[in-house]
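Visitor: First the structure, which I've put down as structure tokens, then a few questions once you've had a look.
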Amino acid sequence: MDMGFMVRLCKDIYRERSIILALAKDDFKLRFAGAGLGAVWGFVSPFVSILLYWFVFQVGLKNGNISNGMPYVLWLVAGIVPWFYFSEAWTTTTNCMYEYSFIVKKVLFKVELLPVVKILSTLLVHVFLIDVCFLLFATYGYKVNVYNLQIIYYVVCEIILVYALSLITSSISVFIKDTILLIGIVTQILFWTIPIVWSPELLEDTWVLRVLKLNPVYYLVNGFRDAMIEKVWFWDRPAATLYFWVVTIALLMVGVRIYKKTNAYFADLL
């Protein structure tokens, strides 16, 4: 990995933190500008999605409790909350160069920080949904415990994975405008091939499940459930943790390489 790039990135984030936070705040507001309820829609949409999945899979398809006795709705929420953040953050960061083309053209801001703006912008709803997740668990009688602290670790994992992917897709999108449409299809495929709304117990320990586990997002979804339900520390899954970081660092290396090869052309093409 280009350590110089990463060190410089961390320094730039700290140096420009006030501008980044201001842009993230404005970005969150602008996403819902003109809507009667404003930013409330950012919180309503995930709720509606959760209700629909709960209705279809528990009420319609008669999914009861998971094998460990956990109510399906709690199991669903614990897995879908990290997915909401990942999918929205990756989608919005992919298009960030176009949305902030006025910044890219005038070179007023470090371009590699634009995905960070989007990541922070979507983080607000994510933190709110995590709080809702804890509240829902509390209503079912599940108390907060020390394993829940791992949520912080998995949020950091989400942020780094999304940033790695965003360097790749946001750079490519400048040259190939259909990239954002492709990401929409990819996220749909990922959603249904990761056990978010369906239990991995359905596949038992088949080769299909082992292949699906190669997806780094599986680690995030399973990690949230480990923290909220299974009470398993991430270091108790050394193989999965090592695999996740190897893949994420590899994606980050690819993203840095692609960005450094293409960023000089951004201003001309946007």
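Chain identifiers are assigned as A, B, and so on, following the order in which chains appear in the structure tokens; residues are numbered from 1 within each chain, and ligands are numbered from 1 in order of appearance.
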Tyr153 of chain A: which residues within 10 Å, counting only C-alpha atoms, same-chain residues fewer than 6 positions away excluded, as a PDB file with all heavy atoms, in the first residue's frame?
Guide:
```
ATOM      1  N   LEU A 220     -19.209  -7.971   8.046  1.00  0.00           N
ATOM      2  CA  LEU A 220     -19.824  -6.856   8.758  1.00  0.00           C
ATOM      3  C   LEU A 220     -21.191  -7.240   9.312  1.00  0.00           C
ATOM      4  O   LEU A 220     -21.503  -6.950  10.478  1.00  0.00           O
ATOM      5  CB  LEU A 220     -19.958  -5.656   7.815  1.00  0.00           C
ATOM      6  CG  LEU A 220     -18.657  -5.127   7.197  1.00  0.00           C
ATOM      7  CD1 LEU A 220     -18.959  -4.023   6.201  1.00  0.00           C
ATOM      8  CD2 LEU A 220     -17.708  -4.644   8.278  1.00  0.00           C
ATOM      9  N   GLY A 223     -20.764  -9.711  11.967  1.00  0.00           N
ATOM     10  CA  GLY A 223     -20.130  -9.066  13.105  1.00  0.00           C
ATOM     11  C   GLY A 223     -21.120  -8.314  13.979  1.00  0.00           C
ATOM     12  O   GLY A 223     -21.045  -8.372  15.213  1.00  0.00           O
ATOM     13  N   PHE A 224     -22.046  -7.603  13.349  1.00  0.00           N
ATOM     14  CA  PHE A 224     -23.078  -6.911  14.121  1.00  0.00           C
ATOM     15  C   PHE A 224     -23.904  -7.905  14.917  1.00  0.00           C
ATOM     16  O   PHE A 224     -24.267  -7.658  16.069  1.00  0.00           O
ATOM     17  CB  PHE A 224     -23.971  -6.090  13.183  1.00  0.00           C
ATOM     18  CG  PHE A 224     -23.563  -4.649  13.063  1.00  0.00           C
ATOM     19  CD1 PHE A 224     -22.353  -4.303  12.463  1.00  0.00           C
ATOM     20  CD2 PHE A 224     -24.361  -3.637  13.552  1.00  0.00           C
ATOM     21  CE1 PHE A 224     -21.963  -2.971  12.350  1.00  0.00           C
ATOM     22  CE2 PHE A 224     -23.993  -2.300  13.448  1.00  0.00           C
ATOM     23  CZ  PHE A 224     -22.778  -1.966  12.845  1.00  0.00           C
ATOM     24  N   PHE A 234     -14.681 -10.297  18.033  1.00  0.00           N
ATOM     25  CA  PHE A 234     -14.185 -10.435  16.660  1.00  0.00           C
ATOM     26  C   PHE A 234     -12.863 -11.204  16.614  1.00  0.00           C
ATOM     27  O   PHE A 234     -12.564 -11.864  15.627  1.00  0.00           O
ATOM     28  CB  PHE A 234     -14.040  -9.057  15.993  1.00  0.00           C
ATOM     29  CG  PHE A 234     -12.976  -8.165  16.577  1.00  0.00           C
ATOM     30  CD1 PHE A 234     -11.667  -8.245  16.134  1.00  0.00           C
ATOM     31  CD2 PHE A 234     -13.287  -7.238  17.559  1.00  0.00           C
ATOM     32  CE1 PHE A 234     -10.685  -7.418  16.649  1.00  0.00           C
ATOM     33  CE2 PHE A 234     -12.323  -6.409  18.095  1.00  0.00           C
ATOM     34  CZ  PHE A 234     -11.009  -6.496  17.641  1.00  0.00           C
TER      35      PHE A 234
END
```
Visitor: Output as a tab-separated table one row per residue of segment 122-183 of chain A within 12 Å of segment 89-112 of chain A: the closest atom pair and its distance in Å to one decimal place, counting only C-alpha atoms, sorted by chain and residue number ascending.
Guide:
```
residue	atom	partner	partner_atom	distance
A:Thr122	CA	A:Ala89	CA	6.0
A:Leu123	CA	A:Ala89	CA	8.1
A:Leu124	CA	A:Ala89	CA	11.1
A:Val125	CA	A:Ala89	CA	10.7
A:His126	CA	A:Ala89	CA	9.9
A:Glu158	CA	A:Ala89	CA	9.3
A:Ile159	CA	A:Ala89	CA	8.6
A:Ile160	CA	A:Trp90	CA	11.1
A:Leu161	CA	A:Trp90	CA	9.2
A:Val162	CA	A:Trp90	CA	5.7
A:Tyr163	CA	A:Trp90	CA	8.0
A:Ala164	CA	A:Trp90	CA	9.7
A:Leu165	CA	A:Trp90	CA	7.2
A:Ser166	CA	A:Thr94	CA	5.5
A:Leu167	CA	A:Glu112	CA	7.6
A:Ile168	CA	A:Thr94	CA	8.3
A:Thr169	CA	A:Thr94	CA	5.3
A:Ser170	CA	A:Thr94	CA	4.2
A:Ser171	CA	A:Met97	CA	7.8
A:Ile172	CA	A:Thr94	CA	8.6
A:Ser173	CA	A:Thr94	CA	6.9
A:Val174	CA	A:Met97	CA	7.1
A:Phe175	CA	A:Met97	CA	10.9
A:Ile176	CA	A:Asn95	CA	11.2
A:Lys177	CA	A:Asn95	CA	9.1
A:Asp178	CA	A:Asn95	CA	10.4
A:Thr179	CA	A:Thr94	CA	7.8
A:Ile180	CA	A:Thr94	CA	6.4
A:Leu181	CA	A:Thr91	CA	9.3
A:Leu182	CA	A:Thr91	CA	10.0
A:Ile183	CA	A:Thr91	CA	6.7
```
Visitor: Taking only segment 17-232 of chain A into account, list the residues labelled alpha helix (DSSP H) by DSSP (computed from the backbone), as number ranges by chain.
Guide: A: 17-30, 40-54, 72-94, 96-99, 101-106, 114-139, 150-175, 179-193, 207-212, 216-225
Visitor: Store the residues picked out above, limited to C-alpha atoms, as a short mmCIF file (atom, residue, chain, number, x, y, z; two decimals), in the first residue's frame.
Guide:
```
data_model
loop_
_atom_site.label_atom_id
_atom_site.label_comp_id
_atom_site.auth_asym_id
_atom_site.auth_seq_id
_atom_site.Cartn_x
_atom_site.Cartn_y
_atom_site.Cartn_z
CA ARG A 17 -11.85 18.50 9.57
CA SER A 18 -13.97 21.64 9.97
CA ILE A 19 -14.55 21.92 6.21
CA ILE A 20 -15.25 18.20 5.90
CA LEU A 21 -17.82 18.31 8.71
CA ALA A 22 -19.46 21.42 7.23
CA LEU A 23 -19.69 19.80 3.79
CA ALA A 24 -21.06 16.58 5.30
CA LYS A 25 -23.71 18.52 7.20
CA ASP A 26 -24.72 20.45 4.08
CA ASP A 27 -24.69 17.26 2.01
CA PHE A 28 -27.11 15.59 4.42
CA LYS A 29 -29.48 18.56 4.22
CA LEU A 30 -29.26 18.88 0.43
CA VAL A 40 -36.85 13.04 8.28
CA TRP A 41 -37.09 11.00 5.08
CA GLY A 42 -33.55 9.79 5.68
CA PHE A 43 -34.80 8.04 8.82
CA VAL A 44 -38.26 7.02 7.58
CA SER A 45 -37.05 5.06 4.55
CA PRO A 46 -35.01 2.47 6.53
CA PHE A 47 -37.94 1.98 8.93
CA VAL A 48 -40.31 1.25 6.05
CA SER A 49 -37.82 -1.20 4.53
CA ILE A 50 -37.43 -3.05 7.85
CA LEU A 51 -41.20 -3.28 8.26
CA LEU A 52 -41.61 -4.65 4.73
CA TYR A 53 -38.93 -7.31 5.18
CA TRP A 54 -40.35 -8.26 8.58
CA TYR A 72 -36.66 -12.94 13.82
CA VAL A 73 -37.21 -9.16 13.95
CA LEU A 74 -34.18 -8.69 16.24
CA TRP A 75 -32.02 -10.95 14.08
CA LEU A 76 -33.17 -9.03 11.00
CA VAL A 77 -32.48 -5.58 12.44
CA ALA A 78 -29.02 -6.54 13.72
CA GLY A 79 -28.00 -7.61 10.20
CA ILE A 80 -29.77 -5.03 8.09
CA VAL A 81 -28.51 -1.93 9.94
CA PRO A 82 -24.89 -2.34 8.73
CA TRP A 83 -26.18 -3.18 5.26
CA PHE A 84 -28.18 0.05 5.03
CA TYR A 85 -25.06 2.04 5.79
CA PHE A 86 -22.77 0.13 3.47
CA SER A 87 -25.10 0.27 0.47
CA GLU A 88 -26.00 3.96 0.86
CA ALA A 89 -22.44 5.07 1.59
CA TRP A 90 -20.98 3.14 -1.36
CA THR A 91 -23.64 4.41 -3.75
CA THR A 92 -23.27 8.06 -2.74
CA THR A 93 -19.46 8.01 -2.70
CA THR A 94 -19.40 6.52 -6.20
CA CYS A 96 -19.26 12.17 -5.36
CA MET A 97 -16.96 13.47 -8.12
CA TYR A 98 -19.96 14.52 -10.19
CA GLU A 99 -21.84 16.03 -7.28
CA SER A 101 -17.46 18.75 -9.73
CA PHE A 102 -17.26 22.47 -8.91
CA ILE A 103 -14.73 21.62 -6.19
CA VAL A 104 -12.80 19.21 -8.40
CA LYS A 105 -12.50 21.77 -11.22
CA LYS A 106 -11.37 24.63 -9.02
CA LEU A 114 -14.75 13.94 -1.10
CA PRO A 115 -15.66 10.30 -0.36
CA VAL A 116 -15.01 11.08 3.32
CA VAL A 117 -17.64 13.82 3.14
CA LYS A 118 -20.21 11.35 1.83
CA ILE A 119 -19.20 8.69 4.34
CA LEU A 120 -19.76 11.11 7.23
CA SER A 121 -22.98 12.40 5.70
CA THR A 122 -24.52 8.92 5.70
CA LEU A 123 -23.05 8.07 9.10
CA LEU A 124 -25.64 10.22 10.91
CA VAL A 125 -28.54 7.95 9.93
CA HIS A 126 -26.40 4.90 10.66
CA VAL A 127 -25.73 6.00 14.24
CA PHE A 128 -29.44 6.71 14.69
CA LEU A 129 -30.39 3.23 13.44
CA ILE A 130 -27.83 1.63 15.75
CA ASP A 131 -29.50 3.44 18.65
CA VAL A 132 -32.89 2.18 17.45
CA CYS A 133 -31.42 -1.32 17.28
CA PHE A 134 -30.38 -1.10 20.95
CA LEU A 135 -33.81 0.27 21.88
CA LEU A 136 -35.57 -2.58 20.09
CA PHE A 137 -33.40 -5.17 21.82
CA ALA A 138 -34.15 -3.50 25.17
CA THR A 139 -37.91 -3.77 24.57
CA GLN A 150 -17.65 -4.18 19.21
CA ILE A 151 -20.15 -2.14 17.22
CA ILE A 152 -17.55 0.65 17.24
CA TYR A 153 -14.98 -1.69 15.69
CA TYR A 154 -17.39 -2.86 12.99
CA VAL A 155 -18.38 0.73 12.14
CA VAL A 156 -14.68 1.47 11.59
CA CYS A 157 -14.51 -1.63 9.36
CA GLU A 158 -17.47 -0.33 7.35
CA ILE A 159 -15.92 3.09 6.88
CA ILE A 160 -12.55 1.76 5.69
CA LEU A 161 -14.15 -0.79 3.33
CA VAL A 162 -16.44 1.84 1.82
CA TYR A 163 -13.58 4.29 1.39
CA ALA A 164 -11.49 1.64 -0.36
CA LEU A 165 -14.34 0.83 -2.74
CA SER A 166 -15.16 4.51 -3.26
CA LEU A 167 -11.64 5.31 -4.49
CA ILE A 168 -12.14 2.66 -7.17
CA THR A 169 -15.71 3.38 -8.26
CA SER A 170 -15.68 7.19 -7.93
CA SER A 171 -12.52 7.35 -10.06
CA ILE A 172 -13.92 5.00 -12.70
CA SER A 173 -17.27 6.83 -12.76
CA VAL A 174 -15.56 9.95 -14.11
CA PHE A 175 -14.67 7.98 -17.24
CA THR A 179 -20.74 3.03 -13.09
CA ILE A 180 -23.38 4.33 -10.68
CA LEU A 181 -26.02 2.20 -12.43
CA LEU A 182 -23.78 -0.84 -12.21
CA ILE A 183 -23.27 -0.28 -8.49
CA GLY A 184 -27.06 -0.25 -8.07
CA ILE A 185 -27.24 -3.72 -9.64
CA VAL A 186 -24.26 -5.00 -7.64
CA THR A 187 -25.77 -3.87 -4.33
CA GLN A 188 -29.01 -5.69 -5.17
CA ILE A 189 -27.09 -8.88 -5.87
CA LEU A 190 -25.07 -8.50 -2.67
CA PHE A 191 -28.19 -7.92 -0.58
CA TRP A 192 -29.85 -11.15 -1.63
CA THR A 193 -26.70 -13.28 -1.58
CA TRP A 207 -19.84 -24.91 -0.50
CA VAL A 208 -22.36 -22.24 -1.54
CA LEU A 209 -22.34 -20.71 1.94
CA ARG A 210 -18.54 -20.85 2.06
CA VAL A 211 -18.40 -18.95 -1.24
CA LEU A 212 -20.88 -16.34 0.01
CA PRO A 216 -16.35 -8.87 3.02
CA VAL A 217 -19.79 -7.41 3.72
CA TYR A 218 -20.75 -10.81 5.15
CA TYR A 219 -18.14 -10.16 7.85
CA LEU A 220 -19.82 -6.86 8.76
CA VAL A 221 -23.35 -8.28 8.90
CA ASN A 222 -22.24 -11.31 10.89
CA GLY A 223 -20.13 -9.07 13.10
CA PHE A 224 -23.08 -6.91 14.12
CA ARG A 225 -24.97 -10.07 15.01
#
```
Visitor: What is the atom CA of Tyr147 of chain A-atom CA of Lys231 of chain A distance in Å, reported with one decimal?
Guide: 5.6 Å
Visitor: Which is closest to Thr241 of chain A among A:Lys213, A:Phe266, A:Asp12, A:Ile229, if we use only C-alpha atoms?
Guide: A:Lys213
Visitor: Just how far from atom CA of Val146 of chain A is atom CA of Trp235 of chain A, in Å to one decimal?
Guide: 14.4 Å
Visitor: Go ahead and compute the interatomic distance for atom CA of Met3 of chain A and atom CA of Tyr265 of chain A, in Å to one decimal.
Guide: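 Answer for the atom CA of Met3 of chain A to atom CA of Tyr265 of chain A separation: 23.1 Å.
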